[in-house]
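Data file: query_22.csv. Format and content: CSV, C-alpha atoms.
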```
chain,number,residue,atom,x,y,z
V,243,MET,CA,66.9,-53.0,122.1
V,244,ALA,CA,65.0,-49.7,122.3
V,245,LYS,CA,63.3,-48.5,119.1
V,246,LEU,CA,62.8,-45.1,117.5
V,247,ASP,CA,59.7,-44.4,115.4
V,248,ILE,CA,60.4,-42.2,112.4
V,249,LEU,CA,57.4,-40.3,110.9
V,250,TYR,CA,57.5,-38.5,107.6
V,251,PHE,CA,55.1,-35.7,106.4
V,252,ALA,CA,54.1,-33.9,103.2
V,253,TRP,CA,56.5,-34.4,100.2
V,254,VAL,CA,59.0,-36.2,102.3
V,255,ARG,CA,56.3,-38.9,102.9
V,256,GLU,CA,55.3,-38.9,99.3
V,257,ILE,CA,58.8,-39.3,97.9
V,258,ILE,CA,59.9,-41.9,100.4
V,259,GLY,CA,56.6,-43.7,99.9
V,260,CYS,CA,55.9,-44.5,103.6
V,261,ASP,CA,54.3,-42.7,106.6
V,262,SER,CA,56.4,-44.2,109.3
V,263,GLU,CA,58.9,-46.8,110.2
V,264,GLN,CA,60.8,-48.1,113.2
V,265,VAL,CA,64.6,-48.3,113.6
V,266,ASP,CA,66.9,-49.3,116.4
V,267,GLN,CA,67.6,-46.4,118.8
V,268,PRO,CA,70.8,-44.8,117.6
V,269,PRO,CA,73.9,-44.8,119.9
V,270,ALA,CA,74.5,-41.8,122.2
V,271,GLY,CA,76.0,-38.8,120.4
V,272,VAL,CA,74.0,-39.3,117.2
V,273,THR,CA,72.2,-36.1,116.0
V,274,VAL,CA,69.0,-35.8,114.0
V,275,ALA,CA,71.2,-34.6,111.1
V,276,ASP,CA,73.4,-37.7,111.4
V,277,LEU,CA,70.4,-40.0,111.3
V,278,ILE,CA,68.9,-38.2,108.3
V,279,GLU,CA,72.2,-38.6,106.5
V,280,GLN,CA,72.2,-42.3,107.2
V,281,LEU,CA,68.6,-42.6,105.9
V,282,ALA,CA,69.5,-40.6,102.8
V,283,ALA,CA,72.1,-43.2,101.8
V,284,ARG,CA,69.4,-45.8,101.4
V,285,ASP,CA,68.0,-46.9,98.0
V,286,GLY,CA,64.6,-45.7,96.7
V,287,GLY,CA,63.3,-42.2,97.3
V,288,TYR,CA,65.4,-41.6,100.5
V,289,GLY,CA,68.2,-39.8,98.8
V,290,GLN,CA,65.9,-37.4,96.9
V,291,ALA,CA,63.7,-36.8,100.0
V,292,LEU,CA,66.4,-36.4,102.6
V,293,GLY,CA,69.5,-35.4,100.6
V,294,ASP,CA,69.1,-31.6,101.1
V,295,GLN,CA,68.9,-30.9,104.8
V,296,LEU,CA,68.3,-27.2,104.2
V,297,ARG,CA,64.8,-28.1,103.0
V,298,LEU,CA,64.0,-30.2,106.1
V,299,ARG,CA,62.7,-29.6,109.6
V,300,ALA,CA,62.3,-32.1,112.5
V,301,ALA,CA,60.5,-32.8,115.7
V,302,LEU,CA,61.6,-35.1,118.6
V,303,ASP,CA,58.7,-36.5,120.7
V,304,GLN,CA,56.4,-33.9,119.2
V,305,ARG,CA,58.6,-30.8,119.8
V,306,PHE,CA,60.3,-28.9,117.0
V,307,VAL,CA,64.1,-29.2,117.3
V,308,PRO,CA,67.1,-28.0,115.3
V,309,LEU,CA,68.7,-30.7,113.2
V,310,ASP,CA,71.9,-30.6,115.2
V,311,SER,CA,69.9,-31.9,118.3
V,312,LEU,CA,70.9,-35.3,119.8
V,313,VAL,CA,68.3,-38.0,119.3
V,314,GLY,CA,69.1,-39.3,122.7
V,315,GLU,CA,66.3,-41.5,124.1
V,316,ALA,CA,63.5,-39.9,122.1
V,317,LEU,CA,60.8,-42.4,121.1
V,318,GLU,CA,59.6,-40.5,118.0
V,319,LEU,CA,61.4,-38.5,115.3
V,320,ALA,CA,59.4,-36.7,112.7
V,321,ILE,CA,61.0,-35.3,109.5
V,322,PHE,CA,59.2,-32.9,107.2
V,323,PRO,CA,59.5,-29.7,105.1
V,324,PRO,CA,59.0,-26.2,106.6
V,325,VAL,CA,55.4,-25.9,107.8
V,326,THR,CA,52.8,-24.0,105.8
V,327,GLY,CA,49.7,-23.7,108.0
V,328,GLY,CA,47.6,-20.7,108.8
F,1461,MET,CA,34.8,-22.8,125.7
F,1462,SER,CA,37.8,-24.9,124.5
F,1463,ARG,CA,40.6,-22.8,123.2
F,1464,VAL,CA,41.9,-24.9,120.4
F,1465,SER,CA,40.1,-27.1,117.8
F,1466,ILE,CA,41.9,-29.0,115.1
F,1467,GLN,CA,39.1,-30.4,112.9
F,1468,GLU,CA,38.1,-31.5,109.5
F,1469,GLU,CA,34.6,-29.9,109.6
F,1470,GLY,CA,33.9,-26.3,109.0
F,1471,PHE,CA,33.1,-23.6,111.6
F,1472,ASP,CA,30.7,-20.7,112.1
F,1473,ALA,CA,33.0,-17.6,112.5
F,1474,GLY,CA,30.0,-15.5,113.7
F,1475,ALA,CA,29.1,-17.9,116.5
F,1476,GLU,CA,32.8,-18.0,117.6
F,1477,LEU,CA,32.8,-14.2,117.7
F,1478,ALA,CA,29.6,-14.1,119.7
F,1479,LEU,CA,31.2,-16.4,122.3
F,1480,LEU,CA,34.3,-14.1,122.5
F,1481,GLU,CA,32.0,-11.0,122.9
F,1482,ALA,CA,30.3,-12.8,125.7
F,1483,ALA,CA,33.6,-12.8,127.6
F,1484,GLY,CA,32.7,-9.2,128.4
F,1485,GLY,CA,36.0,-7.5,127.8
F,1486,GLY,CA,34.6,-5.0,125.2
F,1487,ALA,CA,37.3,-5.7,122.7
F,1488,VAL,CA,37.3,-8.6,120.3
F,1489,ALA,CA,39.7,-9.1,117.3
F,1490,SER,CA,39.6,-12.0,114.8
F,1491,PHE,CA,41.3,-13.3,111.7
F,1492,THR,CA,39.6,-15.8,109.3
F,1493,GLY,CA,41.6,-17.5,106.6
F,1494,VAL,CA,39.8,-18.5,103.5
F,1495,VAL,CA,41.0,-20.7,100.6
F,1496,ARG,CA,41.9,-18.5,97.6
F,1497,GLY,CA,40.8,-19.6,94.1
F,1498,GLU,CA,43.8,-18.3,92.3
F,1499,ASN,CA,45.2,-20.2,89.2
F,1500,ASP,CA,42.0,-22.2,88.9
F,1501,LEU,CA,42.8,-24.0,92.1
F,1502,VAL,CA,40.5,-27.0,92.5
F,1503,ALA,CA,41.2,-27.9,96.1
F,1504,LEU,CA,43.7,-27.3,98.9
F,1505,GLU,CA,44.6,-30.2,101.0
F,1506,LEU,CA,45.8,-29.6,104.6
F,1507,HIS,CA,48.0,-32.3,106.2
F,1508,HIS,CA,49.1,-32.2,109.8
F,1509,TYR,CA,50.9,-34.1,112.5
F,1510,PRO,CA,48.0,-35.4,114.5
F,1511,ALA,CA,50.0,-36.4,117.6
F,1512,MET,CA,51.6,-33.0,117.9
F,1513,THR,CA,49.3,-30.4,116.4
F,1514,ALA,CA,46.8,-29.6,119.2
F,1515,ALA,CA,49.5,-29.6,121.9
F,1516,GLN,CA,51.7,-27.3,119.8
F,1517,VAL,CA,48.8,-24.9,119.1
F,1518,GLU,CA,48.0,-24.9,122.9
F,1519,ARG,CA,51.6,-23.8,123.5
F,1520,ILE,CA,51.2,-21.0,121.1
F,1521,VAL,CA,48.0,-19.9,122.8
F,1522,ASP,CA,49.8,-20.1,126.2
F,1523,GLU,CA,52.4,-17.8,124.8
F,1524,ALA,CA,49.8,-15.3,123.7
F,1525,MET,CA,48.1,-15.4,127.2
F,1526,ASP,CA,51.4,-14.7,128.8
F,1527,ARG,CA,52.1,-11.7,126.7
F,1528,TRP,CA,48.7,-10.0,126.6
F,1529,PRO,CA,45.9,-9.6,129.2
F,1530,LEU,CA,43.3,-11.8,127.4
F,1531,LEU,CA,39.9,-12.8,128.6
F,1532,GLY,CA,39.4,-15.4,125.8
F,1533,VAL,CA,41.3,-17.0,122.9
F,1534,ARG,CA,39.8,-19.3,120.2
F,1535,VAL,CA,41.8,-21.0,117.5
F,1536,ILE,CA,40.3,-23.4,115.0
F,1537,HIS,CA,42.5,-24.9,112.3
F,1538,ARG,CA,41.0,-27.3,109.7
F,1539,PHE,CA,42.7,-30.2,108.0
F,1540,GLY,CA,41.6,-32.3,105.0
F,1541,ARG,CA,40.5,-31.3,101.5
F,1542,LEU,CA,39.1,-27.8,101.2
F,1543,LYS,CA,37.6,-26.0,98.2
F,1544,PRO,CA,38.1,-22.3,97.2
F,1545,GLY,CA,36.0,-20.1,99.4
F,1546,GLU,CA,36.0,-22.5,102.4
F,1547,HIS,CA,37.4,-21.5,105.8
F,1548,ILE,CA,40.8,-22.8,106.8
F,1549,VAL,CA,41.5,-21.1,110.1
F,1550,PHE,CA,39.9,-18.9,112.7
F,1551,VAL,CA,41.8,-16.9,115.4
F,1552,GLY,CA,39.8,-14.8,117.8
F,1553,THR,CA,40.9,-12.9,120.9
F,1554,ALA,CA,39.0,-11.0,123.6
F,1555,SER,CA,40.4,-8.4,126.0
F,1556,ARG,CA,39.6,-5.2,127.8
F,1557,HIS,CA,42.0,-3.4,125.5
F,1558,ARG,CA,41.8,-3.1,121.8
F,1559,SER,CA,45.6,-3.1,121.3
F,1560,ALA,CA,45.9,-6.4,123.3
F,1561,ALA,CA,43.1,-8.0,121.2
F,1562,LEU,CA,44.6,-6.8,117.9
F,1563,GLU,CA,48.2,-7.5,118.6
F,1564,SER,CA,47.6,-11.0,120.1
F,1565,CYS,CA,45.4,-11.9,117.1
F,1566,ALA,CA,48.3,-10.9,114.7
F,1567,PHE,CA,50.8,-12.8,116.8
F,1568,LEU,CA,48.7,-16.0,116.9
F,1569,ILE,CA,48.2,-16.1,113.1
F,1570,ASP,CA,51.9,-15.3,112.4
F,1571,TRP,CA,52.9,-18.1,114.8
F,1572,LEU,CA,50.4,-20.6,113.4
F,1573,LYS,CA,52.0,-20.0,110.0
F,1574,SER,CA,55.5,-20.9,111.1
F,1575,GLU,CA,55.1,-22.9,114.3
F,1576,ALA,CA,52.2,-25.3,113.8
F,1577,PRO,CA,52.8,-28.6,112.0
F,1578,PHE,CA,50.5,-28.2,108.9
F,1579,TRP,CA,51.4,-28.6,105.3
F,1580,LYS,CA,49.3,-27.4,102.3
F,1581,LYS,CA,49.0,-29.1,98.9
F,1582,GLU,CA,47.3,-27.4,96.0
F,1583,TYR,CA,45.4,-29.3,93.3
F,1584,PHE,CA,44.8,-27.9,89.8
F,1585,PRO,CA,42.3,-28.7,87.0
F,1586,ASP,CA,44.8,-30.5,84.8
F,1587,GLY,CA,45.4,-33.1,87.6
F,1588,GLY,CA,48.6,-31.4,88.7
F,1589,ALA,CA,49.4,-30.9,92.4
F,1590,ASN,CA,52.0,-28.9,94.2
F,1591,TRP,CA,53.1,-28.6,97.8
F,1592,VAL,CA,53.0,-25.0,99.0
F,1593,GLU,CA,56.5,-23.7,99.8
F,1594,ALA,CA,57.1,-22.0,103.1
F,1595,ARG,CA,57.6,-18.2,102.6
F,1596,VAL,CA,60.8,-16.7,104.0
F,1597,GLU,CA,58.7,-13.6,105.0
F,1598,ASP,CA,56.4,-15.8,107.1
F,1599,GLU,CA,59.3,-17.1,109.2
F,1600,ALA,CA,60.7,-13.6,109.5
F,1601,LYS,CA,57.3,-12.3,110.7
F,1602,ALA,CA,57.1,-15.0,113.4
F,1603,ARG,CA,60.7,-14.2,114.5
F,1604,GLY,CA,59.6,-10.5,114.6
F,1605,TRP,CA,57.6,-11.4,117.7
F,1606,THR,CA,60.5,-13.0,119.5
F,1607,ARG,CA,61.1,-11.2,122.8
```

Have the structure of the file written as structure tokens, please.
Amino acid sequence: MAKLDILYFAWVREIIGCDSEQVDQPPAGVTVADLIEQLAARDGGYGQALGDQLRLRAALDQRFVPLDSLVGEALELAIFPPVTGG
Amino acid sequence: MSRVSIQEEGFDAGAELALLEAAGGGAVASFTGVVRGENDLVALELHHYPAMTAAQVERIVDEAMDRWPLLGVRVIHRFGRLKPGEHIVFVGTASRHRSAALESCAFLIDWLKSEAPFWKKEYFPDGGANWVEARVEDEAKARGWTR
């Protein structure tokens, strides 16, 4: 079965306590928001890190996407707070 | 001259400006971001998304090249642990026209703030640390450039 790498950055990474993990590729029709909601239901820091989607941004295969985007056949999903570079 | 560098080490803004001047356009604009020492800040740590950062900044530079007649663009963004007074970011543009050089430089720094995958963490003398929150005004500024 195809896999999806999930990467976490900044405080999302710190609260969850891991940089990245691999999950089974979600079925067709699943959005980034759906997947974040599933992850947020896990034990540990997941609920605290991923519970409020207004504080989160995402990228699929290294491109920023809105959270209502379909995960589709992407290989990499990154979840992080709004960026603060520059 | 490469257009984009995402690097841990520092840079020489003067040398970068000299390279842009050598492009011969007659108009060079630049922005240098420096770590502020407010609230007794000990260090600023810049995290980024290594697999994405350079490609994303290249896309931002492409957008600037599409919008303004530029002879040269240079963006350097550092990551890692920086102390107050150290450089964080350099944006330089060269053109035949001052308005193109100035506007594209402002565009690039606004977009770097809201469209490049960097996150800042502040460290204080009491051992406390704090992730910098994105400012609503910064997202609004970047949107202001939307065509």

Give me, as a compact mmCIF listing (two decimals) with C-alpha atoms, keeping the file's coordinate frame, all polymer residues having an atom no more than 6 Å from range 1590-1597 of chain F, counting all atoms listed in the file and skipping those fewer than 6 positions away in the same chain.
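Just written: result.txt:
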```txt
# COMPACT_ATOMS: atom_id res chain seq x y z
CA PRO V 324 59.00 -26.20 106.60
CA THR V 326 52.80 -24.00 105.80
CA LYS F 1580 49.30 -27.40 102.30
CA LYS F 1581 49.00 -29.10 98.90
CA GLU F 1582 47.30 -27.40 96.00
```

Distance in Å - CA of Gly259 in chain V versus CA of His1537 in chain F: 26.6 Å

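Compared by their closest atoms to chain F, and using only C-alpha atoms, the residues V:Gln304, V:Ser262, V:Gln280, V:Gln295 rank with V:Gln304 nearest.
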
- prompt: When distances are computed from all atoms listed in the file, which of F:Pro1510, F:Gly1588, F:Gly1540, F:Pro1577 shows the smallest separation from chain V?
  reply: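 Using all atoms listed in the file, the shortest distance to chain V belongs to F:Pro1577.
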
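Using only C-alpha atoms, the nearest neighbour of Arg299 in chain V within the list F:Arg1496, F:Ala1589, F:Val1551, F:Glu1575 is F:Glu1575.
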
field: Point (45.7, -28.5, 91.6) neighbourhood (8 Å, all atoms listed in the file) written as number ranges by chain
entry: F: 1500-1504, 1582-1590

message: Report, in Å to a single decimal, how far apart CA of Ile1536 in chain F and CA of Arg1603 in chain F are.
response: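 If I compute the distance from CA of Arg1603 in chain F to CA of Ile1536 in chain F, I get 22.4 Å.
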
Counting only C-alpha atoms, the option among F:Ser1465, F:Ser1559, F:Asn1499, F:Ser1564 closest to Glu1518 in chain F: F:Ser1465

query: Separation of CA of Val1464 in chain F and CA of Leu1568 in chain F, in Å?
result: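 Pair CA of Val1464 in chain F / CA of Leu1568 in chain F returns 11.7 Å.
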
message: Env of range 266-274 of chain V: 6 Å cut, atoms = all atoms listed in the file, seq-sep filter 4 positions within chain, self excluded. Answer as number ranges by chain.
response: V: 244-246, 309-314

- prompt: Using all atoms listed in the file, which of the listed residues (F:Glu1563, F:Asp1472, F:Glu1481, F:Glu1505) sits closest to chain V?
  reply: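 Ranked by minimum distance to chain V, first place goes to F:Glu1505.
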
message: Counting all atoms listed in the file, I want the residues whose atoms come within 10 Å of (57.8, -32.9, 119.2) in the file frame, returned as a ChimeraX atom specification.
response: /V:300-307,316,318-320 /F:1509,1511-1513,1515-1516,1577

message: When you count all atoms listed in the file, which of these residues is closest to chain F: V:Ala252, V:Ala282, V:Met243, V:Leu317?
response: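 Using all atoms listed in the file, the shortest distance to chain F belongs to V:Ala252.
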
Residues within 7 Å of range 289-291 of chain V, all atoms listed in the file, excluding chain neighbours under 2 positions, as a list in words: Val254, Ile257, Ile258, Ala282, Ala283, Arg284, Gly287 and Gly293 of chain V

For the residues selected in the previous step, produce a file with C-alpha atoms as a PDB file, keeping the file's coordinate frame.
```pdb
ATOM      1  CA  VAL V 254      59.000 -36.200 102.300  1.00  0.00           C
ATOM      2  CA  ILE V 257      58.800 -39.300  97.900  1.00  0.00           C
ATOM      3  CA  ILE V 258      59.900 -41.900 100.400  1.00  0.00           C
ATOM      4  CA  ALA V 282      69.500 -40.600 102.800  1.00  0.00           C
ATOM      5  CA  ALA V 283      72.100 -43.200 101.800  1.00  0.00           C
ATOM      6  CA  ARG V 284      69.400 -45.800 101.400  1.00  0.00           C
ATOM      7  CA  GLY V 287      63.300 -42.200  97.300  1.00  0.00           C
ATOM      8  CA  GLY V 293      69.500 -35.400 100.600  1.00  0.00           C
TER       9      GLY V 293
END
```

Determine the axis-aligned bounding box of all atoms of range 272-284 of chain V present in the file, pad each side by 5 Å, and express its centre and edge lengths in Å to one decimal place as AutoDock Vina command-line options.
```
--center_x 71.3 --center_y -40.2 --center_z 109.3 --size_x 15.4 --size_y 21.2 --size_z 25.8
```

message: Need to verify the contact set: Trp1579 in chain F, 7 Å, only C-alpha atoms, exclusion of same-chain residues closer than 5 positions in sequence. Can you return it as a PyMOL selection string?
response: (chain V and resi 252+325-327) or (chain F and resi 1506-1508)

As an mmCIF file, in the frame of the given file, please: range 256-267 of chain V completed to all heavy atoms.
```
data_model
loop_
_atom_site.group_PDB
_atom_site.id
_atom_site.type_symbol
_atom_site.label_atom_id
_atom_site.label_comp_id
_atom_site.auth_asym_id
_atom_site.auth_seq_id
_atom_site.Cartn_x
_atom_site.Cartn_y
_atom_site.Cartn_z
ATOM 1 N N GLU V 256 55.658 -38.495 100.626
ATOM 2 C CA GLU V 256 55.300 -38.900 99.300
ATOM 3 C C GLU V 256 56.518 -39.516 98.527
ATOM 4 O O GLU V 256 56.402 -40.520 97.838
ATOM 5 C CB GLU V 256 54.778 -37.754 98.455
ATOM 6 C CG GLU V 256 53.347 -37.420 98.773
ATOM 7 C CD GLU V 256 52.806 -36.310 97.885
ATOM 8 O OE1 GLU V 256 53.572 -35.699 97.118
ATOM 9 O OE2 GLU V 256 51.606 -36.054 97.991
ATOM 10 N N ILE V 257 57.665 -38.842 98.669
ATOM 11 C CA ILE V 257 58.800 -39.300 97.900
ATOM 12 C C ILE V 257 59.392 -40.600 98.476
ATOM 13 O O ILE V 257 59.766 -41.501 97.734
ATOM 14 C CB ILE V 257 59.924 -38.175 97.907
ATOM 15 C CG1 ILE V 257 59.418 -36.945 97.142
ATOM 16 C CG2 ILE V 257 61.212 -38.686 97.269
ATOM 17 C CD1 ILE V 257 60.307 -35.723 97.268
ATOM 18 N N ILE V 258 59.411 -40.699 99.800
ATOM 19 C CA ILE V 258 59.900 -41.900 100.400
ATOM 20 C C ILE V 258 58.889 -43.069 100.190
ATOM 21 O O ILE V 258 59.256 -44.233 100.018
ATOM 22 C CB ILE V 258 60.211 -41.738 101.903
ATOM 23 C CG1 ILE V 258 61.427 -40.809 102.050
ATOM 24 C CG2 ILE V 258 60.458 -43.061 102.609
ATOM 25 C CD1 ILE V 258 61.771 -40.451 103.474
ATOM 26 N N GLY V 259 57.607 -42.680 100.179
ATOM 27 C CA GLY V 259 56.600 -43.700 99.900
ATOM 28 C C GLY V 259 56.171 -44.439 101.182
ATOM 29 O O GLY V 259 55.654 -45.552 101.112
ATOM 30 N N CYS V 260 56.410 -43.858 102.360
ATOM 31 C CA CYS V 260 55.900 -44.500 103.600
ATOM 32 C C CYS V 260 55.652 -43.421 104.655
ATOM 33 O O CYS V 260 56.287 -42.369 104.664
ATOM 34 C CB CYS V 260 56.777 -45.629 104.042
ATOM 35 S SG CYS V 260 57.964 -45.300 105.311
ATOM 36 N N ASP V 261 54.668 -43.696 105.525
ATOM 37 C CA ASP V 261 54.300 -42.700 106.600
ATOM 38 C C ASP V 261 55.232 -42.795 107.759
ATOM 39 O O ASP V 261 55.525 -41.786 108.375
ATOM 40 C CB ASP V 261 52.894 -43.103 107.149
ATOM 41 C CG ASP V 261 51.789 -42.992 106.130
ATOM 42 O OD1 ASP V 261 52.087 -42.652 104.972
ATOM 43 O OD2 ASP V 261 50.641 -43.256 106.497
ATOM 44 N N SER V 262 55.633 -44.020 108.100
ATOM 45 C CA SER V 262 56.400 -44.200 109.300
ATOM 46 C C SER V 262 57.163 -45.517 109.264
ATOM 47 O O SER V 262 56.776 -46.424 108.538
ATOM 48 C CB SER V 262 55.554 -44.114 110.556
ATOM 49 O OG SER V 262 54.702 -45.237 110.601
ATOM 50 N N GLU V 263 58.209 -45.595 110.031
ATOM 51 C CA GLU V 263 58.900 -46.800 110.200
ATOM 52 C C GLU V 263 59.666 -46.849 111.496
ATOM 53 O O GLU V 263 59.729 -45.820 112.178
ATOM 54 C CB GLU V 263 59.951 -47.003 109.012
ATOM 55 C CG GLU V 263 60.985 -45.892 108.925
ATOM 56 C CD GLU V 263 61.857 -46.043 107.679
ATOM 57 O OE1 GLU V 263 62.372 -47.149 107.464
ATOM 58 O OE2 GLU V 263 62.001 -45.060 106.930
ATOM 59 N N GLN V 264 60.173 -48.007 111.869
ATOM 60 C CA GLN V 264 60.800 -48.100 113.200
ATOM 61 C C GLN V 264 62.288 -48.530 112.935
ATOM 62 O O GLN V 264 62.560 -49.409 112.101
ATOM 63 C CB GLN V 264 60.115 -49.180 113.998
ATOM 64 C CG GLN V 264 60.299 -48.991 115.474
ATOM 65 C CD GLN V 264 59.392 -49.903 116.288
ATOM 66 O OE1 GLN V 264 59.346 -51.108 116.060
ATOM 67 N NE2 GLN V 264 58.687 -49.330 117.236
ATOM 68 N N VAL V 265 63.192 -47.883 113.646
ATOM 69 C CA VAL V 265 64.600 -48.300 113.600
ATOM 70 C C VAL V 265 65.121 -48.502 114.988
ATOM 71 O O VAL V 265 64.468 -48.116 115.968
ATOM 72 C CB VAL V 265 65.469 -47.165 112.884
ATOM 73 C CG1 VAL V 265 65.005 -46.908 111.449
ATOM 74 C CG2 VAL V 265 65.454 -45.868 113.689
ATOM 75 N N ASP V 266 66.295 -49.122 115.103
ATOM 76 C CA ASP V 266 66.900 -49.300 116.400
ATOM 77 C C ASP V 266 67.311 -47.885 116.930
ATOM 78 O O ASP V 266 67.746 -47.033 116.150
ATOM 79 C CB ASP V 266 68.171 -50.145 116.336
ATOM 80 C CG ASP V 266 67.822 -51.609 116.088
ATOM 81 O OD1 ASP V 266 66.694 -52.015 116.425
ATOM 82 O OD2 ASP V 266 68.677 -52.335 115.540
ATOM 83 N N GLN V 267 67.157 -47.669 118.232
ATOM 84 C CA GLN V 267 67.600 -46.400 118.800
ATOM 85 C C GLN V 267 69.043 -46.155 118.501
ATOM 86 O O GLN V 267 69.855 -47.047 118.749
ATOM 87 C CB GLN V 267 67.331 -46.398 120.309
ATOM 88 C CG GLN V 267 67.388 -45.032 120.941
ATOM 89 C CD GLN V 267 67.098 -45.124 122.427
ATOM 90 O OE1 GLN V 267 67.885 -45.677 123.179
ATOM 91 N NE2 GLN V 267 65.962 -44.598 122.828
#
```
